[in-house]
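A short write-up of the structure that comes next.
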Amino acid sequence: MKILITGNMGYIGPLVLRRLRESHPKATLIGYDMGYFAHCLTGASRLPESLADHQYFGDIRHVPDQILQGIDAIVHLCAISNDPMGAIFEKVTLNINYQASIDLAWKAKRAGVKRFVFASSCSVYGFAEGGPRREEDTLNPLTAYAKSKVQTEQDLASLASEAFTATCLRFATACGMSDRLRLDLVLNDFVAGALVSKRINILSDGTPWRPLIHVKDMARAIDWAVQRDCRDGGSFLTINVGSDAWNYQVKDLAAAVANLVPNVDVSINKDAQPDKRSYRVNFDKFSKLAQGFLPMVDLQSAVKDLHDGLMAMQFRDHEFRTGELIRLVTLKRLRESGQLTDDLVWKERSNA
């Protein structure tokens, strides 16, 4: 099997490469990435891309046709990857997350690629009162990032066929240690804050719901989707990926961190405006279809994983929220230093 992983030099990519290399030792793994965050290594003992057979650097908006020749499956991680980045780079988010994704899917289908795995998000549910959201429920995307995911899912549905299986994995909010750690994710932020300042500041009133999933379990789900055929969910499948046990209110996440990191104070902003992003998610479909690939990491283990990983890095950055482990900060710095254009193209390439 020959697998192309786009956006493999981000937060999730190193875990996906490791999982696929272990699960498919004879497969040819190919990475394709713009390299925005290639320098953001965190405690890596080796360059994660050394697990790939080939690594290409390129813009997802212009993937050369020859890279797709002979590819059996595409794992499409590449995206402007959260709400704050989407708010600042709204046009680019639509460009990369939606238009480039569909262009890639069209090219892939023409090239004979058999499976297309799209990293979507449970954020498509936005603000959802009532019971946990199922895949068939009404979507309420509130941000450019979430809207781009919905649009891509919709267009992939029209492309899917028996010869081109498309799987949209609506991931819960990611957490856990990685060779390229992000600290702009709720649990990761809480653990980092607890370590460096012995304090967790919840900016909301703590009541919003968030489903979470560990990056190792995201990689397991991707491995399942790479192997999935039409008998398991049809040629087009949109599926919530996570665990019912991992639907938490933000205040519960803070409490879990405080229970494992000693002498931590938790402050809640009781006067905060209601957070419009609040949703619980139902994962019954995933539990039924993905037997053998279901989440294995629990919340306590995830907190310990982050704690141990940051300690091993000798993490002491009290100003981490303005540092390079916040993806928006890195993009802004690259743009302000003249290395990226406003459209997030490397200047050297745009001038070539």
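Each chain in the structure tokens gets a letter, A, B and so on, in the order shown; residues start at 1 in every chain, and ligands are counted from 1 in the order they appear.
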
Lys304 (chain A) environment, 10 Å, only C-alpha atoms, sequence neighbours closer than 6 positions dropped, as a PyMOL selection string: chain A and resi 176-177+191+257+260-261+310

Residues of region 196-324 of chain A in strand (DSSP E) according to DSSP, as number ranges by chain? A: 199-202, 209-214, 236-241, 247-249, 265-268

Sorted by chain and rising residue number, list the residues of region 134-209 of chain A at most 8 Å from region 269-281 of chain A (counting only C-alpha atoms), each with its closest atom pair and distance in Å to one decimal, as a tab-separated table.
residue	atom	partner	partner_atom	distance
A:Arg134	CA	A:Val281	CA	6.5
A:Leu142	CA	A:Arg277	CA	7.8
A:Asn201	CA	A:Asn269	CA	8.0
A:Ile202	CA	A:Asn269	CA	6.3
A:Leu203	CA	A:Asn269	CA	5.6
A:Ser204	CA	A:Ala272	CA	5.3
A:Asp205	CA	A:Lys270	CA	4.7
A:Gly206	CA	A:Asn269	CA	7.7
A:Pro208	CA	A:Ser278	CA	4.7
A:Trp209	CA	A:Ser278	CA	4.8

For region 7-14 of chain A, find every residue with an atom within 7 Å (counting only C-alpha atoms), except residues of its own chain fewer than 6 positions away, and show them as an NGL selection string. :A and (31-33 or 35 or 37-38 or 48 or 77-78 or 178-182 or 215)

In region 20-269 of chain A, DSSP alpha helix (DSSP H) residues written as a PyMOL selection string: chain A and resi 20-23+83-88+90-93+101-111+144-159+186-197+215-227+250-260

Closest to Asp305 (chain A) among A:Ala258, A:Ile67, A:Cys175, A:Leu334, using only C-alpha atoms?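 When distances to Asp305 (chain A) are compared using only C-alpha atoms, the smallest one comes from A:Cys175.
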
Smallest atom-to-atom distance to Phe283 (chain A): which of A:Met218, A:Leu306, A:Ala225, A:Ala172, using only C-alpha atoms?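 Closest residue, counting only C-alpha atoms: A:Ala172.
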
Ranking A:Asp232, A:Asp137, A:Asp65, A:Glu129 by minimum distance to Arg110 (chain A) and counting only C-alpha atoms, which one comes first? A:Asp65

From the list A:Ser158, A:Met313, A:Arg228, A:Glu348, which residue is nearest Ser45 (chain A) when using only C-alpha atoms?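 Result for the nearest residue to Ser45 (chain A): A:Met313.
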
Residues within 8 Å of region 81-83 of chain A, please, as number ranges by chain. Count only C-alpha atoms; anything in the same chain fewer than 3 positions from it doesn't count. A: 86-87, 143-146

Students should find that CA of Asp103 (chain A) and CA of Ser161 (chain A) are spaced 16.6 Å

To one decimal place in Å, what is the distance between CA of Thr165 (chain A) and CA of Gln227 (chain A)?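 CA of Gln227 (chain A) lies at a distance of 10.2 Å from CA of Thr165 (chain A).
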
Please determine, counting only C-alpha atoms, which residue among A:Trp346, A:Tyr248, A:Tyr36, A:Tyr98 has the shortest atom-to-atom distance to Pro132 (chain A). A:Tyr248

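Restricting the calculation to only C-alpha atoms, the smallest distance between Glu153 (chain A) and any of A:Val117, A:Ala256, A:Ala128, A:Ile222 is found for A:Val117.
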
Please provide the set of residues having any atom within 12 Å of Leu68 (chain A), restricted to only C-alpha atoms, with same-chain residues fewer than 6 positions apart removed, written as an MDAnalysis selection string. chainID A and resid 2:6 30:32 56 74 104:114 116
